[in-house]
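Raw input-v7.txt, compact mmCIF, C-alpha atoms and all ligand atoms:
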# COMPACT_ATOMS: atom_id res chain seq x y z
CA MET K 1 7.14 -46.31 -28.91
CA SER K 2 9.62 -48.54 -27.10
CA THR K 3 10.26 -46.26 -24.10
CA PRO K 4 10.32 -48.58 -21.04
CA HIS K 5 7.27 -48.46 -18.80
CA TRP K 6 8.31 -48.50 -15.12
CA LEU K 7 5.78 -49.72 -12.57
CA PRO K 8 4.98 -47.12 -9.90
CA ASN K 9 7.12 -47.41 -6.80
CA ARG K 10 6.02 -45.18 -3.98
CA THR K 11 7.95 -44.98 -0.76
CA SER K 12 6.30 -46.90 2.07
CA GLN K 13 5.49 -43.53 3.63
CA GLU K 14 3.57 -42.41 0.53
CA ALA K 15 1.70 -45.70 0.28
CA CYS K 16 0.82 -45.57 4.01
CA ASP K 17 -0.43 -42.01 3.66
CA ALA K 18 -2.58 -43.06 0.70
CA ALA K 19 -4.12 -45.96 2.66
CA LEU K 20 -4.84 -43.69 5.65
CA ARG K 21 -6.32 -40.95 3.45
CA ASN K 22 -8.60 -43.42 1.69
CA PHE K 23 -9.67 -44.90 5.02
CA GLU K 24 -10.62 -41.52 6.45
CA ARG K 25 -12.45 -40.45 3.29
CA SER K 26 -14.49 -43.68 3.16
CA TYR K 27 -15.26 -44.24 6.82
CA GLY K 28 -15.09 -40.71 8.27
CA TYR K 29 -12.59 -41.43 11.06
CA SER K 30 -8.88 -42.32 11.44
CA ALA K 31 -7.61 -45.90 11.13
CA THR K 32 -6.03 -47.60 14.16
CA GLY K 33 -2.94 -48.48 12.12
CA VAL K 34 -1.43 -49.64 8.83
CA TRP K 35 0.16 -53.05 8.21
CA ALA K 36 2.02 -54.06 5.06
CA ALA K 37 3.21 -57.28 3.41
CA PRO K 38 5.37 -57.59 0.28
CA GLY K 39 5.22 -59.35 -3.08
CA ARG K 40 8.23 -61.44 -4.09
CA VAL K 41 10.47 -62.72 -6.85
CA ASN K 42 11.87 -66.22 -6.85
CA LEU K 43 15.58 -66.11 -7.77
CA ILE K 44 15.76 -69.82 -8.60
CA GLY K 45 14.04 -73.13 -7.74
CA GLU K 46 10.95 -73.09 -9.98
CA HIS K 47 8.22 -75.73 -10.10
CA VAL K 48 9.91 -77.73 -7.34
CA ASP K 49 7.90 -76.72 -4.26
CA TYR K 50 5.32 -79.47 -4.81
CA ALA K 51 8.15 -81.99 -5.37
CA GLY K 52 9.80 -81.43 -1.98
CA GLY K 53 12.43 -79.21 -3.60
CA ILE K 54 14.07 -75.99 -2.54
CA CYS K 55 13.51 -72.44 -3.74
CA LEU K 56 15.12 -69.05 -3.14
CA PRO K 57 12.78 -66.04 -3.20
CA PHE K 58 13.26 -62.57 -1.78
CA ALA K 59 10.62 -60.07 -0.68
CA LEU K 60 10.08 -56.98 -2.85
CA GLU K 61 9.88 -53.40 -1.63
CA GLN K 62 6.52 -53.29 -3.44
CA SER K 63 3.90 -54.16 -0.84
CA THR K 64 0.20 -54.19 -0.06
CA TYR K 65 -0.86 -51.71 2.68
CA VAL K 66 -3.87 -52.28 4.91
CA ALA K 67 -5.30 -49.39 6.95
CA ILE K 68 -7.65 -50.97 9.48
CA SER K 69 -9.73 -50.44 12.62
CA PRO K 70 -11.68 -52.99 14.64
CA ARG K 71 -15.44 -52.34 15.00
CA ASP K 72 -17.78 -52.97 17.92
CA ASP K 73 -20.13 -55.11 15.81
CA ASP K 74 -19.65 -57.99 13.37
CA THR K 75 -19.74 -55.95 10.15
CA ILE K 76 -16.75 -55.86 7.81
CA ARG K 77 -16.46 -52.92 5.42
CA ILE K 78 -13.56 -53.34 3.01
CA GLU K 79 -12.29 -51.48 -0.03
CA SER K 80 -9.24 -51.89 -2.23
CA TRP K 81 -7.85 -49.23 -4.54
CA LEU K 82 -6.12 -50.92 -7.42
CA PRO K 83 -3.55 -49.07 -9.49
CA SER K 84 -5.09 -47.74 -12.72
CA HIS K 85 -8.68 -48.14 -11.43
CA SER K 86 -10.65 -44.93 -10.86
CA GLU K 87 -12.97 -46.56 -8.29
CA PRO K 88 -12.09 -48.98 -5.46
CA ALA K 89 -13.43 -52.55 -5.26
CA LYS K 90 -15.76 -52.51 -2.21
CA ALA K 91 -17.81 -54.87 -0.07
CA GLU K 92 -19.78 -54.94 3.18
CA LEU K 93 -20.40 -58.32 4.80
CA ARG K 94 -20.82 -60.24 8.08
CA ALA K 95 -17.59 -61.25 9.79
CA GLY K 96 -18.97 -64.73 10.55
CA ASN K 97 -19.26 -65.64 6.86
CA LEU K 98 -15.71 -65.72 5.55
CA GLY K 99 -15.18 -69.45 4.94
CA PRO K 100 -15.18 -71.66 1.83
CA GLY K 101 -18.29 -71.07 -0.30
CA GLU K 102 -19.22 -67.91 1.63
CA ILE K 103 -16.99 -65.40 -0.16
CA SER K 104 -15.43 -65.41 -3.62
CA GLY K 105 -13.12 -63.47 -5.94
CA TRP K 106 -10.76 -60.92 -4.39
CA LEU K 107 -12.56 -61.17 -1.02
CA GLY K 108 -11.32 -64.76 -0.68
CA TYR K 109 -7.71 -63.51 -0.75
CA ALA K 110 -8.38 -60.49 1.48
CA LEU K 111 -10.66 -62.05 4.12
CA GLY K 112 -10.22 -65.85 3.79
CA PRO K 113 -7.16 -65.66 6.08
CA ILE K 114 -9.34 -64.27 8.92
CA TRP K 115 -11.51 -67.40 8.69
CA ALA K 116 -8.40 -69.63 8.63
CA LEU K 117 -6.86 -67.82 11.63
CA ARG K 118 -10.06 -68.40 13.61
CA GLU K 119 -10.11 -72.07 12.58
CA ALA K 120 -6.50 -72.37 13.79
CA GLY K 121 -7.39 -70.80 17.13
CA LEU K 122 -5.11 -67.79 16.59
CA LEU K 123 -8.07 -65.40 16.60
CA SER K 124 -10.97 -65.74 18.98
CA PRO K 125 -13.92 -67.58 17.41
CA SER K 126 -16.27 -64.63 17.98
CA ALA K 127 -16.60 -62.81 14.67
CA ARG K 128 -15.29 -59.29 15.18
CA GLY K 129 -15.92 -56.69 12.45
CA TYR K 130 -13.39 -54.33 10.85
CA ASP K 131 -13.19 -51.31 8.58
CA VAL K 132 -10.44 -51.85 6.01
CA ALA K 133 -8.88 -49.71 3.24
CA ILE K 134 -6.20 -51.31 1.06
CA VAL K 135 -3.72 -49.90 -1.44
CA SER K 136 -1.07 -51.97 -3.23
CA ASP K 137 2.05 -51.47 -5.34
CA VAL K 138 2.32 -55.18 -6.23
CA PRO K 139 0.99 -55.63 -9.78
CA LEU K 140 -1.90 -58.12 -9.89
CA GLY K 141 -1.45 -61.42 -11.73
CA SER K 142 2.12 -60.68 -12.86
CA GLY K 143 3.67 -63.60 -11.02
CA LEU K 144 4.96 -61.33 -8.22
CA SER K 145 2.46 -62.66 -5.70
CA SER K 146 -0.02 -59.88 -5.07
CA SER K 147 -2.19 -62.68 -3.67
CA ALA K 148 0.13 -63.54 -0.77
CA ALA K 149 0.78 -59.82 -0.18
CA ILE K 150 -2.89 -59.05 0.45
CA GLU K 151 -3.45 -62.27 2.45
CA CYS K 152 -0.44 -61.72 4.69
CA ALA K 153 -1.03 -57.97 5.17
CA VAL K 154 -4.63 -58.48 6.35
CA ALA K 155 -3.72 -61.52 8.46
CA SER K 156 -0.81 -59.70 10.14
CA ALA K 157 -3.04 -56.71 10.87
CA VAL K 158 -5.85 -58.65 12.52
CA VAL K 159 -3.44 -60.80 14.54
CA GLU K 160 -1.61 -57.76 15.99
CA LEU K 161 -4.91 -55.96 16.61
CA GLU K 162 -6.08 -58.93 18.66
CA LYS K 163 -2.81 -60.08 20.26
CA GLY K 164 -1.10 -56.72 20.67
CA ASP K 165 1.86 -54.96 19.07
CA GLY K 166 4.89 -57.17 18.62
CA ALA K 167 2.89 -60.37 18.08
CA LEU K 168 4.47 -60.64 14.61
CA ALA K 169 7.94 -60.92 16.16
CA ASP K 170 7.02 -64.35 17.52
CA ASP K 171 8.15 -67.22 15.22
CA ALA K 172 5.20 -69.46 16.07
CA THR K 173 2.73 -66.66 15.35
CA ARG K 174 4.35 -65.95 11.99
CA THR K 175 4.25 -69.64 11.10
CA ALA K 176 0.55 -69.75 12.01
CA ILE K 177 -0.13 -66.72 9.80
CA ILE K 178 1.72 -68.38 6.89
CA GLN K 179 -0.36 -71.54 7.33
CA ALA K 180 -3.61 -69.56 7.54
CA ALA K 181 -2.81 -67.64 4.35
CA ILE K 182 -1.97 -70.87 2.51
CA ARG K 183 -5.17 -72.50 3.77
CA ALA K 184 -7.25 -69.50 2.69
CA GLU K 185 -5.80 -69.54 -0.82
CA ASN K 186 -6.31 -73.32 -1.12
CA GLU K 187 -9.72 -73.65 0.51
CA VAL K 188 -11.48 -70.28 0.29
CA VAL K 189 -10.12 -69.09 -3.08
CA GLY K 190 -9.71 -72.64 -4.41
CA ALA K 191 -6.24 -71.96 -5.89
CA SER K 192 -3.45 -74.47 -5.47
CA THR K 193 -0.43 -72.88 -3.78
CA GLY K 194 2.66 -74.61 -2.44
CA GLY K 195 3.40 -71.97 0.21
CA LEU K 196 6.49 -70.29 -1.25
CA ASP K 197 4.73 -66.92 -1.56
CA GLN K 198 3.28 -66.79 1.95
CA ASN K 199 6.58 -67.92 3.52
CA ILE K 200 8.59 -65.12 1.95
CA SER K 201 5.89 -62.49 2.46
CA LEU K 202 6.12 -63.09 6.22
CA GLN K 203 9.85 -63.85 6.44
CA GLY K 204 11.45 -61.36 4.04
CA LYS K 205 14.55 -59.59 5.37
CA SER K 206 16.34 -56.56 3.97
CA GLY K 207 19.48 -57.69 2.09
CA PHE K 208 18.60 -61.40 2.25
CA ALA K 209 16.91 -64.06 0.16
CA LEU K 210 15.15 -66.98 1.87
CA ALA K 211 16.00 -70.60 1.08
CA ILE K 212 12.86 -72.68 1.66
CA ASP K 213 13.32 -76.45 1.72
CA PHE K 214 9.94 -78.06 1.11
CA SER K 215 11.16 -81.53 2.08
CA THR K 216 11.75 -80.44 5.68
CA GLY K 217 9.63 -77.29 5.92
CA GLN K 218 12.78 -75.47 7.13
CA SER K 219 13.87 -72.10 5.80
CA TYR K 220 16.98 -69.95 6.31
CA HIS K 221 18.16 -66.53 5.15
CA VAL K 222 20.95 -66.27 2.57
CA PRO K 223 22.83 -62.95 2.14
CA CYS K 224 21.86 -61.26 -1.11
CA ASP K 225 23.63 -57.93 -0.88
CA LEU K 226 23.27 -56.78 -4.48
CA GLU K 227 23.91 -53.13 -3.74
CA SER K 228 27.43 -53.44 -2.36
CA HIS K 229 28.38 -55.52 -5.42
CA ASP K 230 26.91 -52.81 -7.71
CA LEU K 231 24.33 -55.27 -8.99
CA ALA K 232 20.57 -55.18 -9.39
CA ILE K 233 17.70 -57.49 -10.18
CA LEU K 234 15.55 -56.09 -12.96
CA VAL K 235 12.02 -57.55 -12.98
CA ILE K 236 10.27 -57.61 -16.33
CA ASP K 237 6.50 -58.19 -16.41
CA SER K 238 6.01 -59.82 -19.82
CA ASN K 239 2.35 -58.76 -19.99
CA ALA K 240 1.77 -61.99 -21.93
CA PRO K 241 -1.80 -63.30 -21.66
CA HIS K 242 -2.27 -66.18 -19.18
CA SER K 243 -5.09 -68.12 -20.87
CA LEU K 244 -3.77 -71.70 -20.74
CA ALA K 245 -2.22 -71.59 -17.33
CA ASP K 246 -4.60 -73.70 -15.23
CA GLY K 247 -4.73 -76.93 -17.25
CA GLN K 248 -1.04 -76.72 -18.14
CA TYR K 249 0.00 -76.30 -14.50
CA ALA K 250 -2.16 -79.28 -13.53
CA SER K 251 -0.70 -81.49 -16.26
CA ARG K 252 2.92 -80.75 -15.22
CA ARG K 253 2.15 -81.23 -11.56
CA GLY K 254 0.03 -84.31 -12.37
CA ILE K 255 3.07 -86.22 -13.75
CA ILE K 256 5.24 -85.38 -10.75
CA ASP K 257 2.45 -86.32 -8.30
CA ALA K 258 1.67 -89.55 -10.19
CA VAL K 259 5.30 -90.76 -10.18
CA THR K 260 5.53 -89.90 -6.47
CA HIS K 261 2.30 -91.74 -5.71
CA TYR K 262 3.43 -94.73 -7.82
CA CYS K 263 6.44 -95.07 -5.51
CA GLN K 264 4.34 -94.46 -2.39
CA ALA K 265 6.71 -91.63 -1.51
CA SER K 266 5.61 -88.36 0.06
CA THR K 267 7.45 -86.20 -2.50
CA LEU K 268 9.41 -86.83 -5.70
CA ARG K 269 12.62 -85.94 -3.86
CA ASP K 270 11.79 -88.59 -1.27
CA ILE K 271 11.90 -91.41 -3.84
CA GLY K 272 15.69 -91.61 -3.56
CA ASP K 273 18.75 -90.44 -5.48
CA ASP K 274 18.51 -89.07 -9.03
CA THR K 275 18.99 -92.50 -10.64
CA ALA K 276 16.15 -93.95 -8.55
CA ILE K 277 13.85 -91.05 -9.50
CA TYR K 278 14.53 -91.43 -13.26
CA ALA K 279 14.03 -95.20 -13.04
CA ALA K 280 10.76 -94.77 -11.15
CA ALA K 281 9.52 -92.28 -13.74
CA GLN K 282 10.22 -94.72 -16.58
CA GLN K 283 8.49 -97.58 -14.75
CA TRP K 284 5.46 -95.36 -14.16
CA ALA K 285 5.37 -94.28 -17.83
CA THR K 286 5.60 -97.88 -19.03
CA SER K 287 2.92 -99.09 -16.63
CA THR K 288 0.45 -96.34 -17.57
CA GLY K 289 1.28 -95.91 -21.26
CA ALA K 290 2.36 -92.30 -20.69
CA ASP K 291 4.82 -90.72 -23.15
CA SER K 292 8.19 -91.80 -21.76
CA ASP K 293 10.24 -89.00 -23.36
CA CYS K 294 7.86 -86.35 -22.02
CA THR K 295 7.85 -87.97 -18.56
CA ASN K 296 11.64 -88.08 -18.54
CA ARG K 297 11.93 -84.39 -19.46
CA ARG K 298 9.40 -83.27 -16.85
CA VAL K 299 11.16 -85.24 -14.12
CA ARG K 300 14.57 -84.09 -15.38
CA HIS K 301 13.54 -80.46 -14.91
CA VAL K 302 12.59 -81.08 -11.30
CA VAL K 303 15.69 -83.16 -10.49
CA THR K 304 18.17 -80.77 -12.13
CA GLU K 305 16.42 -77.65 -10.80
CA ILE K 306 16.71 -78.92 -7.23
CA SER K 307 20.46 -79.57 -7.57
CA ARG K 308 20.97 -76.27 -9.45
CA THR K 309 19.23 -74.42 -6.65
CA LEU K 310 21.34 -76.09 -3.96
CA ASP K 311 24.49 -75.08 -5.89
CA ALA K 312 23.15 -71.56 -6.52
CA ILE K 313 22.56 -71.07 -2.78
CA GLU K 314 26.22 -71.97 -2.14
CA SER K 315 27.29 -69.51 -4.88
CA LEU K 316 25.24 -66.75 -3.30
CA LYS K 317 26.77 -67.45 0.12
CA ARG K 318 30.21 -66.91 -1.49
CA ALA K 319 28.87 -63.83 -3.34
CA ASP K 320 29.87 -65.61 -6.57
CA PHE K 321 27.32 -63.85 -8.76
CA GLN K 322 28.84 -65.16 -12.01
CA ALA K 323 28.14 -68.75 -10.98
CA PHE K 324 24.72 -67.69 -9.74
CA GLY K 325 23.94 -66.08 -13.11
CA CYS K 326 24.94 -69.26 -14.99
CA ALA K 327 22.50 -71.21 -12.82
CA MET K 328 19.74 -68.70 -13.69
CA TYR K 329 20.30 -69.22 -17.44
CA ALA K 330 20.37 -73.01 -16.98
CA SER K 331 17.14 -72.85 -14.99
CA HIS K 332 15.41 -70.97 -17.78
CA LYS K 333 16.64 -73.44 -20.41
CA SER K 334 15.27 -76.32 -18.34
CA LEU K 335 11.91 -74.57 -17.85
CA LYS K 336 11.77 -73.89 -21.58
CA GLU K 337 12.91 -77.22 -23.00
CA ASP K 338 12.11 -79.82 -20.35
CA TYR K 339 9.17 -78.38 -18.41
CA GLU K 340 7.80 -76.32 -21.32
CA VAL K 341 6.25 -73.58 -19.20
CA THR K 342 7.78 -70.52 -20.89
CA VAL K 343 6.14 -68.43 -23.61
CA SER K 344 7.77 -66.50 -26.48
CA GLN K 345 7.79 -63.24 -24.52
CA LEU K 346 9.69 -64.80 -21.59
CA ASP K 347 12.20 -66.45 -23.95
CA LEU K 348 12.70 -63.15 -25.76
CA ILE K 349 13.42 -61.35 -22.48
CA VAL K 350 16.06 -63.94 -21.52
CA ASP K 351 17.65 -63.99 -24.99
CA THR K 352 17.78 -60.19 -25.13
CA ALA K 353 19.19 -59.94 -21.62
CA LYS K 354 21.90 -62.47 -22.54
CA ASP K 355 22.77 -60.62 -25.77
CA TYR K 356 23.13 -57.39 -23.79
CA GLY K 357 25.44 -58.95 -21.23
CA ALA K 358 23.19 -59.77 -18.26
CA ILE K 359 24.99 -61.94 -15.69
CA GLY K 360 21.92 -64.18 -15.53
CA ALA K 361 18.25 -64.16 -16.51
CA ARG K 362 15.25 -66.46 -16.21
CA MET K 363 11.50 -66.57 -16.01
CA THR K 364 10.21 -66.40 -12.43
CA GLY K 365 6.95 -67.75 -10.99
CA GLY K 366 4.76 -70.40 -12.60
CA GLY K 367 5.34 -69.39 -16.22
CA PHE K 368 2.82 -69.28 -19.12
CA GLY K 369 3.20 -65.50 -18.94
CA GLY K 370 4.05 -63.54 -15.79
CA SER K 371 7.49 -62.10 -15.16
CA ALA K 372 11.18 -62.70 -15.78
CA ILE K 373 14.23 -61.42 -13.88
CA ALA K 374 17.69 -60.34 -15.02
CA LEU K 375 20.79 -59.98 -12.84
CA VAL K 376 22.68 -56.94 -14.15
CA PRO K 377 25.27 -54.36 -13.08
CA ARG K 378 23.39 -51.39 -11.58
CA ALA K 379 24.52 -49.07 -14.35
CA GLU K 380 22.93 -51.43 -16.90
CA VAL K 381 19.41 -51.46 -15.46
CA HIS K 382 18.02 -48.70 -17.67
CA PRO K 383 19.87 -49.64 -20.89
CA MET K 384 18.73 -53.25 -20.35
CA ALA K 385 15.10 -52.15 -19.94
CA GLN K 386 15.43 -50.16 -23.15
CA ALA K 387 16.88 -53.11 -25.04
CA ILE K 388 14.06 -55.42 -23.87
CA SER K 389 11.39 -52.82 -24.71
CA ARG K 390 12.92 -52.47 -28.18
CA SER K 391 12.92 -56.20 -28.85
CA PHE K 392 9.26 -56.42 -27.72
CA ALA K 393 8.33 -53.61 -30.10
CA GLN K 394 10.19 -55.33 -32.95
CA ALA K 395 8.39 -58.62 -32.21
CA GLU K 396 5.07 -56.71 -32.00
CA PHE K 397 4.40 -57.94 -28.46
CA ALA K 398 2.42 -55.79 -26.00
CA PRO K 399 4.96 -53.61 -24.14
CA PRO K 400 6.52 -55.13 -20.99
CA ALA K 401 6.68 -53.30 -17.64
CA PHE K 402 9.71 -53.00 -15.37
CA LEU K 403 10.64 -52.64 -11.76
CA GLN K 404 13.93 -52.83 -9.90
CA ALA K 405 13.80 -55.39 -7.11
CA THR K 406 15.53 -54.96 -3.76
CA PRO K 407 15.54 -57.69 -1.06
CA SER K 408 13.22 -56.13 1.52
CA PRO K 409 11.50 -56.82 4.85
CA GLY K 410 8.48 -59.09 5.26
CA ALA K 411 5.10 -58.28 6.84
CA ARG K 412 5.23 -55.51 9.46
CA ARG K 413 3.30 -52.73 11.10
CA GLU K 414 4.00 -49.46 9.27
CA ARG K 415 2.06 -46.98 11.42
P1 LIG P 501 -0.30 -62.98 -8.36
O1 LIG P 501 -0.32 -63.50 -6.97
O2 LIG P 501 0.85 -63.51 -9.14
O3 LIG P 501 -0.37 -61.50 -8.45
P2 LIG P 501 -2.79 -64.40 -8.43
O4 LIG P 501 -3.68 -64.80 -9.55
O5 LIG P 501 -2.27 -65.46 -7.54
O6 LIG P 501 -1.60 -63.54 -9.08
O7 LIG P 501 -3.56 -63.37 -7.50
C1 LIG P 501 -4.17 -62.22 -8.06
C2 LIG P 501 -5.53 -62.01 -7.41
O8 LIG P 501 -5.38 -61.63 -6.04
C3 LIG P 501 -6.29 -60.85 -8.03
O9 LIG P 501 -7.01 -61.26 -9.17
C4 LIG P 501 -7.22 -60.42 -6.89
O10 LIG P 501 -8.34 -61.25 -6.81
C5 LIG P 501 -6.36 -60.68 -5.66
N1 LIG P 501 -5.65 -59.47 -5.21
C6 LIG P 501 -4.33 -59.30 -5.10
N2 LIG P 501 -4.01 -58.08 -4.64
C7 LIG P 501 -5.17 -57.43 -4.46
C8 LIG P 501 -5.52 -56.12 -4.00
N3 LIG P 501 -4.59 -55.23 -3.64
N4 LIG P 501 -6.83 -55.81 -3.94
C9 LIG P 501 -7.77 -56.69 -4.29
N5 LIG P 501 -7.50 -57.94 -4.73
C10 LIG P 501 -6.23 -58.31 -4.82
MG MG P 502 -0.55 -65.55 -6.43
Turn the structure described in the file into structure tokens.
Amino acid sequence: MSTPHWLPNRTSQEACDAALRNFERSYGYSATGVWAAPGRVNLIGEHVDYAGGICLPFALEQSTYVAISPRDDDTIRIESWLPSHSEPAKAELRAGNLGPGEISGWLGYALGPIWALREAGLLSPSARGYDVAIVSDVPLGSGLSSSAAIECAVASAVVELEKGDGALADDATRTAIIQAAIRAENEVVGASTGGLDQNISLQGKSGFALAIDFSTGQSYHVPCDLESHDLAILVIDSNAPHSLADGQYASRRGIIDAVTHYCQASTLRDIGDDTAIYAAAQQWATSTGADSDCTNRRVRHVVTEISRTLDAIESLKRADFQAFGCAMYASHKSLKEDYEVTVSQLDLIVDTAKDYGAIGARMTGGGFGGSAIALVPRAEVHPMAQAISRSFAQAEFAPPAFLQATPSPGARRER
């Protein structure tokens, strides 16, 4: 009843083989190559990207694999085999019609980046066709960024097909791919994304997390060698339903944006020091009649999360995982009490993890469902998953799903 359910984790070789097999079966010839891009977890720094804050994700081993060949005409044939679906999602369309309003649903994520790359001048404006077969080990809609994985895998593939092998090694090209994927998700899909997911999907590095500072646009790798410290990050997909997410996200972000706008600053962090930010928030609440306690708590989450994340990055550099774990618990408390974006399932995961001796635990991603992470000794990964499964069964929640996360490489050619 409460046996933990582990998400499938193929080796990259197995996933590549599956993508190539599917390609050949569907299109009757061999693909030119396979490109892959990973999902991610964010270790700390939540709901601060749009406030000019700093976050610390790492790329997962779990990736989306794109077997692809260019065509001589302007037809795109694309299919995606989703885990637990017996049939692939499929489409056939004209390569010239991939912009806003021309494609929708999953095709916006998969093909919108091709439109954005053309708009940015990174691909030639002539609309080349492709045959594409996709498989993925990143669970969809679990807060682990399957969306950036598919965007960045397709974008990396078409850029290297056009520019030649090794194009991905160029920093400027990777930055352009990140921007194209962000633009596609914002403008073609119509989903608001701050860019965390696309940055890490392109810039992941084995054994490292990536600090992304949204006030400067700069990012740098931070060592995150869990293995040699006998530690692991357990990811727990809460499987909680996501129904309220859109309006709730907008209302949180709306307060932060409104205070920023009120001060004519470019981001909340730009307003000044912490005292100046709190004072500005109170002035804004008074002038608009907004609830001042609620405003203060929302702003307090953002302000404290940014300073917690800066401290946590220093802890990680010193390999001080105890201090890092304390920051994870504090982050969750702030997201629960001040930002109010957790749900009972996420709180239960963190409480259970704490009771069973996790070094740290917190929700990860936007909240209102999605996933949580726990920092645990390697030997505790399976007992911890059992304990969490048991508490879900006792609370009569739908069973969670688990995976063990390892800091892994970003987008790359696999074959
Ligand atoms: P998350 O990024 O956290 O997984 P999102 O809601 O941002 O959740 O993105 C999920 C959406 O991305 C899916 O509903 C689907 O439209 C698209 N998507 C992601 N991966 C794939 C895939 N492998 N095949 C087809 N569509 C995908
Ligand atoms: Mg997403």
Checklist line | Neighbour list for segment 70-73 of chain K as a count of residues only, cut-off 9 Å, only C-alpha atoms, skip fewer than 3 positions in-chain | finding: 12
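Note that the spacing between atom CA of Thr342 of chain K and atom O1 of ligand LIG 501 (chain P) amounts to 17.6 Å.
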Where does chain K meet ligand MG 502 (chain P) within 7 Å, residue by residue, with the nearest atom pair and distance in Å to one decimal for each, counting all atoms listed in the file, listed by chain and rising number, as CSV?
residue,atom,partner,partner_atom,distance
K:Gly141,CA,P:MG502,MG,6.8
K:Gly143,CA,P:MG502,MG,6.5
K:Ser145,CA,P:MG502,MG,4.2
K:Ser146,CA,P:MG502,MG,5.9
K:Ser147,CA,P:MG502,MG,4.3
K:Ala148,CA,P:MG502,MG,6.0
Notebook entry, point to check: Using all atoms listed in the file, which residues sit within 10 Å of segment 263-266 of chain K once same-chain residues fewer than 4 positions away are excluded, as a PyMOL selection string?
Noted result: chain K and resi 51-52+215+257-259+270-272+277+280-281+283-284
Mind writing the picked residues with C-alpha atoms as a CSV table (one decimal), in the frame of the given file?
chain,number,residue,atom,x,y,z
K,51,ALA,CA,8.2,-82.0,-5.4
K,52,GLY,CA,9.8,-81.4,-2.0
K,215,SER,CA,11.2,-81.5,2.1
K,257,ASP,CA,2.4,-86.3,-8.3
K,258,ALA,CA,1.7,-89.6,-10.2
K,259,VAL,CA,5.3,-90.8,-10.2
K,270,ASP,CA,11.8,-88.6,-1.3
K,271,ILE,CA,11.9,-91.4,-3.8
K,272,GLY,CA,15.7,-91.6,-3.6
K,277,ILE,CA,13.8,-91.0,-9.5
K,280,ALA,CA,10.8,-94.8,-11.2
K,281,ALA,CA,9.5,-92.3,-13.7
K,283,GLN,CA,8.5,-97.6,-14.8
K,284,TRP,CA,5.5,-95.4,-14.2
Checklist line | Cut-off 10 Å, only C-alpha atoms and all ligand atoms, neighbours of ligand LIG 501 (chain P) as a ChimeraX atom specification | finding: /K:39-41,63-66,78-83,88-90,104-110,133-151,153,185,189,191-193,197,242,365-366,370-371
Residues from last step as file, C-alpha atoms, as a CSV table (one decimal), keeping the file's coordinate frame:
chain,number,residue,atom,x,y,z
K,39,GLY,CA,5.2,-59.4,-3.1
K,40,ARG,CA,8.2,-61.4,-4.1
K,41,VAL,CA,10.5,-62.7,-6.8
K,63,SER,CA,3.9,-54.2,-0.8
K,64,THR,CA,0.2,-54.2,-0.1
K,65,TYR,CA,-0.9,-51.7,2.7
K,66,VAL,CA,-3.9,-52.3,4.9
K,78,ILE,CA,-13.6,-53.3,3.0
K,79,GLU,CA,-12.3,-51.5,0.0
K,80,SER,CA,-9.2,-51.9,-2.2
K,81,TRP,CA,-7.8,-49.2,-4.5
K,82,LEU,CA,-6.1,-50.9,-7.4
K,83,PRO,CA,-3.6,-49.1,-9.5
K,88,PRO,CA,-12.1,-49.0,-5.5
K,89,ALA,CA,-13.4,-52.6,-5.3
K,90,LYS,CA,-15.8,-52.5,-2.2
K,104,SER,CA,-15.4,-65.4,-3.6
K,105,GLY,CA,-13.1,-63.5,-5.9
K,106,TRP,CA,-10.8,-60.9,-4.4
K,107,LEU,CA,-12.6,-61.2,-1.0
K,108,GLY,CA,-11.3,-64.8,-0.7
K,109,TYR,CA,-7.7,-63.5,-0.8
K,110,ALA,CA,-8.4,-60.5,1.5
K,133,ALA,CA,-8.9,-49.7,3.2
K,134,ILE,CA,-6.2,-51.3,1.1
K,135,VAL,CA,-3.7,-49.9,-1.4
K,136,SER,CA,-1.1,-52.0,-3.2
K,137,ASP,CA,2.0,-51.5,-5.3
K,138,VAL,CA,2.3,-55.2,-6.2
K,139,PRO,CA,1.0,-55.6,-9.8
K,140,LEU,CA,-1.9,-58.1,-9.9
K,141,GLY,CA,-1.4,-61.4,-11.7
K,142,SER,CA,2.1,-60.7,-12.9
K,143,GLY,CA,3.7,-63.6,-11.0
K,144,LEU,CA,5.0,-61.3,-8.2
K,145,SER,CA,2.5,-62.7,-5.7
K,146,SER,CA,0.0,-59.9,-5.1
K,147,SER,CA,-2.2,-62.7,-3.7
K,148,ALA,CA,0.1,-63.5,-0.8
K,149,ALA,CA,0.8,-59.8,-0.2
K,150,ILE,CA,-2.9,-59.0,0.4
K,151,GLU,CA,-3.4,-62.3,2.4
K,153,ALA,CA,-1.0,-58.0,5.2
K,185,GLU,CA,-5.8,-69.5,-0.8
K,189,VAL,CA,-10.1,-69.1,-3.1
K,191,ALA,CA,-6.2,-72.0,-5.9
K,192,SER,CA,-3.4,-74.5,-5.5
K,193,THR,CA,-0.4,-72.9,-3.8
K,197,ASP,CA,4.7,-66.9,-1.6
K,242,HIS,CA,-2.3,-66.2,-19.2
K,365,GLY,CA,7.0,-67.8,-11.0
K,366,GLY,CA,4.8,-70.4,-12.6
K,370,GLY,CA,4.0,-63.5,-15.8
K,371,SER,CA,7.5,-62.1,-15.2
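The shortest atom-to-atom distance to Thr364 of chain K, with all atoms listed in the file taken into account, belongs to K:His47 out of K:His47, K:Arg94, K:His229, K:Arg413.
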